[in-house]
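Text of target-v1.cif, listed as mmCIF, C-alpha atoms:
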```
data_start
loop_
_atom_site.label_atom_id
_atom_site.label_comp_id
_atom_site.auth_asym_id
_atom_site.auth_seq_id
_atom_site.Cartn_x
_atom_site.Cartn_y
_atom_site.Cartn_z
CA MET L 26 8.69 2.96 26.57
CA THR L 27 11.21 4.09 23.98
CA LYS L 28 11.32 7.47 22.29
CA VAL L 29 11.20 7.38 18.48
CA SER L 30 11.99 10.40 16.33
CA LEU L 31 11.38 10.38 12.58
CA THR L 32 10.66 12.66 9.70
CA VAL L 33 7.26 11.69 8.30
CA ASN L 34 6.08 13.32 5.10
CA GLY L 35 8.64 16.07 5.59
CA LYS L 36 7.70 16.86 9.20
CA ALA L 37 9.71 15.98 12.30
CA VAL L 38 7.67 13.76 14.63
CA SER L 39 8.41 11.83 17.79
CA GLY L 40 6.62 9.66 20.28
CA ASP L 41 7.06 7.18 23.08
CA VAL L 42 6.36 3.63 21.98
CA ASP L 43 6.57 0.15 23.35
CA PRO L 44 9.68 -1.39 21.73
CA ARG L 45 7.38 -3.98 20.07
CA THR L 46 5.27 -1.33 18.30
CA LEU L 47 5.09 -1.88 14.57
CA LEU L 48 5.68 1.09 12.29
CA VAL L 49 2.20 0.74 10.76
CA HIS L 50 0.64 1.15 14.22
CA PHE L 51 2.87 4.12 15.05
CA ILE L 52 1.83 5.78 11.78
CA ARG L 53 -1.88 5.03 12.19
CA ASP L 54 -2.35 5.28 15.95
CA ASN L 55 0.21 7.84 17.07
CA LEU L 56 0.33 10.06 13.99
CA ARG L 57 -3.29 9.51 12.84
CA LEU L 58 -2.18 8.95 9.24
CA THR L 59 -4.70 6.29 8.31
CA GLY L 60 -3.93 5.93 4.60
CA THR L 61 -1.42 3.19 5.42
CA HIS L 62 -3.54 0.07 5.92
CA VAL L 63 -3.14 -3.09 7.96
CA GLY L 64 -4.22 -5.95 5.74
CA CYS L 65 -2.58 -9.21 6.73
CA ASP L 66 -0.03 -8.61 9.53
CA THR L 67 2.28 -11.08 7.75
CA SER L 68 3.92 -8.90 5.09
CA GLN L 69 2.13 -10.65 2.24
CA CYS L 70 -0.54 -8.21 1.00
CA GLY L 71 1.34 -4.90 0.66
CA ALA L 72 -1.46 -2.67 1.98
CA CYS L 73 1.00 -1.24 4.51
CA VAL L 74 3.79 -0.15 2.11
CA VAL L 75 5.54 3.11 2.97
CA HIS L 76 8.89 4.51 1.85
CA ILE L 77 11.70 4.56 4.40
CA ASP L 78 14.66 6.63 3.31
CA GLY L 79 13.37 6.32 -0.26
CA GLN L 80 12.80 2.54 -0.34
CA ALA L 81 9.47 0.70 -0.24
CA VAL L 82 9.04 -1.23 3.00
CA LYS L 83 6.13 -3.16 4.46
CA SER L 84 5.41 -1.34 7.69
CA CYS L 85 3.41 -4.18 9.26
CA THR L 86 6.60 -6.13 9.98
CA THR L 87 8.92 -3.19 10.69
CA LEU L 88 9.44 -2.10 14.28
CA ALA L 89 9.03 1.64 14.81
CA VAL L 90 12.22 1.72 16.92
CA SER L 91 14.20 0.21 14.03
CA VAL L 92 13.57 3.28 11.87
CA ASP L 93 14.42 5.88 14.51
CA GLY L 94 16.05 8.82 12.72
CA SER L 95 14.74 7.79 9.31
CA SER L 96 12.63 9.65 6.79
CA VAL L 97 9.24 8.01 6.12
CA THR L 98 6.83 8.86 3.33
CA THR L 99 3.25 7.63 3.51
CA ILE L 100 0.50 7.88 0.90
CA GLU L 101 -0.50 11.19 2.50
CA GLY L 102 2.96 12.58 1.71
CA LEU L 103 2.88 12.00 -2.06
CA ALA L 104 0.54 14.81 -3.07
CA GLN L 105 2.21 18.23 -3.09
CA GLY L 106 0.59 21.63 -2.88
CA GLY L 107 -2.90 20.17 -3.20
CA LYS L 108 -1.96 18.39 -6.44
CA LEU L 109 -1.99 14.61 -6.69
CA HIS L 110 1.27 12.81 -7.39
CA PRO L 111 1.36 11.58 -11.03
CA MET L 112 0.92 7.98 -9.87
CA GLN L 113 -2.11 8.90 -7.75
CA GLU L 114 -3.59 10.77 -10.70
CA ALA L 115 -2.97 7.76 -12.98
CA PHE L 116 -4.79 5.44 -10.58
CA ARG L 117 -7.71 7.87 -10.53
CA GLU L 118 -7.79 8.31 -14.30
CA ASN L 119 -7.46 4.58 -15.07
CA HIS L 120 -9.76 3.40 -12.29
CA GLY L 121 -6.86 1.39 -10.84
CA LEU L 122 -8.91 0.55 -7.78
CA GLN L 123 -12.16 -1.01 -6.77
CA CYS L 124 -12.77 -0.96 -3.02
CA GLY L 125 -9.60 1.12 -2.52
CA PHE L 126 -8.20 -0.82 0.44
CA CYS L 127 -5.03 -1.94 -1.35
CA THR L 128 -4.65 1.28 -3.33
CA PRO L 129 -2.31 3.21 -1.00
CA GLY L 130 0.11 0.27 -0.85
CA MET L 131 -0.16 -0.29 -4.60
CA ILE L 132 0.63 3.37 -5.29
CA MET L 133 3.57 3.44 -2.87
CA SER L 134 4.93 0.25 -4.45
CA ALA L 135 4.36 1.65 -7.95
CA VAL L 136 6.34 4.80 -7.17
CA ASP L 137 9.14 2.61 -5.84
CA ILE L 138 9.08 0.49 -9.01
CA VAL L 139 9.50 3.61 -11.16
CA ASN L 140 12.26 4.93 -8.90
CA ARG L 141 14.15 1.65 -9.24
CA LYS L 142 13.31 0.57 -12.81
CA GLY L 143 12.67 3.82 -14.64
CA SER L 144 9.57 5.18 -16.32
CA ASN L 145 9.48 2.90 -19.37
CA LEU L 146 7.81 -0.17 -17.86
CA ASP L 147 6.25 -3.05 -19.76
CA GLU L 148 3.31 -5.11 -18.50
CA ALA L 149 5.43 -8.14 -17.56
CA THR L 150 7.76 -6.02 -15.42
CA ILE L 151 4.88 -4.30 -13.66
CA ARG L 152 3.12 -7.59 -12.91
CA HIS L 153 6.35 -9.18 -11.66
CA GLU L 154 7.16 -6.21 -9.43
CA LEU L 155 3.64 -6.22 -7.94
CA GLU L 156 3.96 -9.78 -6.64
CA GLY L 157 4.13 -8.50 -3.05
CA ASN L 158 0.85 -6.57 -3.36
CA ILE L 159 -2.54 -8.23 -3.33
CA CYS L 160 -5.82 -6.82 -4.59
CA ARG L 161 -8.78 -9.00 -3.72
CA CYS L 162 -11.25 -7.10 -5.93
CA THR L 163 -9.80 -6.78 -9.43
CA GLY L 164 -7.99 -8.70 -12.11
CA TYR L 165 -5.11 -6.18 -11.98
CA HIS L 166 -5.72 -5.00 -15.56
CA ASN L 167 -6.52 -1.40 -14.58
CA ILE L 168 -3.84 -1.38 -11.87
CA VAL L 169 -1.18 -2.36 -14.41
CA LYS L 170 -2.50 0.23 -16.87
CA ALA L 171 -2.48 2.89 -14.14
CA ILE L 172 1.11 2.08 -13.17
CA ALA L 173 2.26 2.24 -16.80
CA ASP L 174 0.55 5.63 -17.26
CA GLY L 175 1.82 6.89 -13.89
CA ALA L 176 5.34 5.79 -14.73
CA ALA L 177 5.21 7.63 -18.05
CA ALA L 178 3.91 10.75 -16.29
CA MET L 179 6.66 10.50 -13.67
CA GLY L 180 9.22 10.19 -16.47
CA GLY L 181 7.81 13.31 -18.14
CA GLN L 182 7.87 15.11 -14.81
CA LYS L 183 11.52 14.26 -14.29
CA ALA L 184 12.39 15.29 -17.86
CA ALA L 185 10.60 18.60 -17.39
CA ALA L 186 12.47 19.22 -14.15
CA GLU L 187 15.90 18.62 -15.73
#
```

Structure rendered as structure tokens:
Amino acid sequence: MTKVSLTVNGKAVSGDVDPRTLLVHFIRDNLRLTGTHVGCDTSQCGACVVHIDGQAVKSCTTLAVSVDGSSVTTIEGLAQGGKLHPMQEAFRENHGLQCGFCTPGMIMSAVDIVNRKGSNLDEATIRHELEGNICRCTGYHNIVKAIADGAAAMGGQKAAAE
């Protein structure tokens, strides 16, 4: 067993893990944060996306020991003070989900897209950037609309904070 220490959603956590333990299993099984989903185990569907030190990473192919000392944000860490993150709110308002299984990964990826590309996103950019996330229920129309609205709200949030 190997000891892993991380900051997850702003809280220091640690645990003993087998060196082969995937980050998604550490998050779900050890920390009981079940919003991060296991969809494919091959890094293709994006249901397991979390942010590690501010970058979107697929946690189903990341070893927990490889992120020792890192800061991890899961879907549970986006909302602050009981208020949904602007991207979460946009998915709710635009019905950017159907069954909801892919939604946490979609939202985490969407926040990363805005952080990297800015808040003024066109449909083509959003669709291209979502290539690593699969939704088996929808035609992506409402997901794309939700990301565009969430991006605009995040841009307004940043402008208000400056």

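Using the PyMOL selection byres ((chain L and resi 136) around 9) on the file at hand returns these residues: Ala81, Met112, Met131, Ile132, Met133, Ser134, Ala135, Asp137, Ile138, Val139, Asn140, Arg141, Ile172, Gly175, Ala176 and Met179 of chain L.
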
For the structure shown, which residues end up in the PyMOL selection byres ((chain L and resi 97) around 7)? Put them as a PyMOL selection string, please? chain L and resi 32-34+75-78+95-96+98-99

Taking 3 positions as the minimum chain separation for residues in the same chain, which residues sit within 8 Å of Asn145 in chain L when counting all atoms listed in the file? Answer as a list of chain:residue names.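 Those residues are L:Lys142, L:Ala173, L:Ala176, L:Ala177, L:Gly180.
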
Of the candidates L:Met26, L:Val63, L:Leu88, L:Ile168, which one gets nearest to Arg117 in chain L if we count only C-alpha atoms? L:Ile168

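CA of Gly60 in chain L is found 8.7 Å from CA of Cys73 in chain L.
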
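Nearest to Asn158 in chain L of all the residues L:Ser68, L:Asp93, L:Ile52, L:Ala115 is L:Ser68, counting all atoms listed in the file.
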
Please evaluate the PyMOL selection byres ((chain L and resi 56) around 12) against the structure above and give the resulting residues as a ChimeraX atom specification. /L:30-34,36-42,48-55,57-61,99,101

Expressed in Å to a single decimal, how great is the separation between CA of Cys70 in chain L and CA of Ser91 in chain L? 21.4 Å

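In this model, the gap between CA of Leu47 in chain L and CA of Arg152 in chain L comes to 28.1 Å.
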
Which of these residues is nearest to Thr87 in chain L, using all atoms listed in the file: L:Gly143, L:Gly64, L:Pro44, L:Gly35?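 Going through L:Gly143, L:Gly64, L:Pro44, L:Gly35 one by one, the smallest distance to Thr87 in chain L is for L:Pro44.
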
Range 128-154 of chain L rebuilt with N, CA and C atoms, output as a PDB file, in the coordinates of the input:
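The resulting file, rebuild-v9.pdb, is shown below:
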```pdb
ATOM      1  N   THR L 128      -5.143   0.208  -2.466  1.00  0.00           N
ATOM      2  CA  THR L 128      -4.650   1.280  -3.330  1.00  0.00           C
ATOM      3  C   THR L 128      -3.467   2.051  -2.762  1.00  0.00           C
ATOM      4  N   PRO L 129      -3.485   2.484  -1.495  1.00  0.00           N
ATOM      5  CA  PRO L 129      -2.310   3.210  -1.000  1.00  0.00           C
ATOM      6  C   PRO L 129      -1.015   2.396  -1.107  1.00  0.00           C
ATOM      7  N   GLY L 130      -1.074   1.124  -0.742  1.00  0.00           N
ATOM      8  CA  GLY L 130       0.110   0.270  -0.850  1.00  0.00           C
ATOM      9  C   GLY L 130       0.525   0.042  -2.287  1.00  0.00           C
ATOM     10  N   MET L 131      -0.460  -0.117  -3.166  1.00  0.00           N
ATOM     11  CA  MET L 131      -0.160  -0.290  -4.600  1.00  0.00           C
ATOM     12  C   MET L 131       0.549   0.958  -5.136  1.00  0.00           C
ATOM     13  N   ILE L 132       0.037   2.122  -4.793  1.00  0.00           N
ATOM     14  CA  ILE L 132       0.630   3.370  -5.290  1.00  0.00           C
ATOM     15  C   ILE L 132       2.043   3.549  -4.741  1.00  0.00           C
ATOM     16  N   MET L 133       2.235   3.288  -3.453  1.00  0.00           N
ATOM     17  CA  MET L 133       3.570   3.440  -2.870  1.00  0.00           C
ATOM     18  C   MET L 133       4.543   2.448  -3.516  1.00  0.00           C
ATOM     19  N   SER L 134       4.086   1.226  -3.767  1.00  0.00           N
ATOM     20  CA  SER L 134       4.930   0.250  -4.450  1.00  0.00           C
ATOM     21  C   SER L 134       5.216   0.677  -5.885  1.00  0.00           C
ATOM     22  N   ALA L 135       4.196   1.209  -6.557  1.00  0.00           N
ATOM     23  CA  ALA L 135       4.360   1.650  -7.950  1.00  0.00           C
ATOM     24  C   ALA L 135       5.389   2.766  -8.065  1.00  0.00           C
ATOM     25  N   VAL L 136       5.347   3.717  -7.159  1.00  0.00           N
ATOM     26  CA  VAL L 136       6.340   4.800  -7.170  1.00  0.00           C
ATOM     27  C   VAL L 136       7.734   4.228  -6.966  1.00  0.00           C
ATOM     28  N   ASP L 137       7.846   3.263  -6.076  1.00  0.00           N
ATOM     29  CA  ASP L 137       9.140   2.610  -5.840  1.00  0.00           C
ATOM     30  C   ASP L 137       9.622   1.877  -7.089  1.00  0.00           C
ATOM     31  N   ILE L 138       8.708   1.196  -7.781  1.00  0.00           N
ATOM     32  CA  ILE L 138       9.080   0.490  -9.010  1.00  0.00           C
ATOM     33  C   ILE L 138       9.675   1.474 -10.019  1.00  0.00           C
ATOM     34  N   VAL L 139       9.007   2.605 -10.204  1.00  0.00           N
ATOM     35  CA  VAL L 139       9.500   3.610 -11.160  1.00  0.00           C
ATOM     36  C   VAL L 139      10.846   4.155 -10.700  1.00  0.00           C
ATOM     37  N   ASN L 140      10.986   4.406  -9.410  1.00  0.00           N
ATOM     38  CA  ASN L 140      12.260   4.930  -8.900  1.00  0.00           C
ATOM     39  C   ASN L 140      13.409   3.952  -9.122  1.00  0.00           C
ATOM     40  N   ARG L 141      13.111   2.663  -9.058  1.00  0.00           N
ATOM     41  CA  ARG L 141      14.150   1.650  -9.240  1.00  0.00           C
ATOM     42  C   ARG L 141      14.360   1.239 -10.689  1.00  0.00           C
ATOM     43  N   LYS L 142      13.259   1.148 -11.462  1.00  0.00           N
ATOM     44  CA  LYS L 142      13.310   0.570 -12.810  1.00  0.00           C
ATOM     45  C   LYS L 142      13.201   1.586 -13.939  1.00  0.00           C
ATOM     46  N   GLY L 143      12.840   2.810 -13.604  1.00  0.00           N
ATOM     47  CA  GLY L 143      12.670   3.820 -14.640  1.00  0.00           C
ATOM     48  C   GLY L 143      11.219   3.928 -15.081  1.00  0.00           C
ATOM     49  N   SER L 144      10.949   4.863 -15.950  1.00  0.00           N
ATOM     50  CA  SER L 144       9.570   5.180 -16.320  1.00  0.00           C
ATOM     51  C   SER L 144       9.056   4.418 -17.538  1.00  0.00           C
ATOM     52  N   ASN L 145       9.912   3.669 -18.200  1.00  0.00           N
ATOM     53  CA  ASN L 145       9.480   2.900 -19.370  1.00  0.00           C
ATOM     54  C   ASN L 145       9.274   1.438 -18.949  1.00  0.00           C
ATOM     55  N   LEU L 146       8.090   1.150 -18.409  1.00  0.00           N
ATOM     56  CA  LEU L 146       7.810  -0.170 -17.860  1.00  0.00           C
ATOM     57  C   LEU L 146       6.855  -0.949 -18.763  1.00  0.00           C
ATOM     58  N   ASP L 147       7.172  -2.207 -19.010  1.00  0.00           N
ATOM     59  CA  ASP L 147       6.250  -3.050 -19.760  1.00  0.00           C
ATOM     60  C   ASP L 147       5.347  -3.822 -18.786  1.00  0.00           C
ATOM     61  N   GLU L 148       4.299  -4.415 -19.327  1.00  0.00           N
ATOM     62  CA  GLU L 148       3.310  -5.110 -18.500  1.00  0.00           C
ATOM     63  C   GLU L 148       3.936  -6.234 -17.673  1.00  0.00           C
ATOM     64  N   ALA L 149       4.817  -7.011 -18.269  1.00  0.00           N
ATOM     65  CA  ALA L 149       5.430  -8.140 -17.560  1.00  0.00           C
ATOM     66  C   ALA L 149       6.237  -7.649 -16.358  1.00  0.00           C
ATOM     67  N   THR L 150       6.973  -6.570 -16.527  1.00  0.00           N
ATOM     68  CA  THR L 150       7.760  -6.020 -15.420  1.00  0.00           C
ATOM     69  C   THR L 150       6.848  -5.534 -14.310  1.00  0.00           C
ATOM     70  N   ILE L 151       5.810  -4.808 -14.667  1.00  0.00           N
ATOM     71  CA  ILE L 151       4.880  -4.300 -13.660  1.00  0.00           C
ATOM     72  C   ILE L 151       4.255  -5.450 -12.887  1.00  0.00           C
ATOM     73  N   ARG L 152       3.756  -6.446 -13.578  1.00  0.00           N
ATOM     74  CA  ARG L 152       3.120  -7.590 -12.910  1.00  0.00           C
ATOM     75  C   ARG L 152       4.107  -8.327 -12.009  1.00  0.00           C
ATOM     76  N   HIS L 153       5.328  -8.511 -12.478  1.00  0.00           N
ATOM     77  CA  HIS L 153       6.350  -9.180 -11.660  1.00  0.00           C
ATOM     78  C   HIS L 153       6.647  -8.366 -10.394  1.00  0.00           C
ATOM     79  N   GLU L 154       6.818  -7.078 -10.554  1.00  0.00           N
ATOM     80  CA  GLU L 154       7.160  -6.210  -9.430  1.00  0.00           C
ATOM     81  C   GLU L 154       6.021  -6.076  -8.415  1.00  0.00           C
TER      82      GLU L 154
END
```
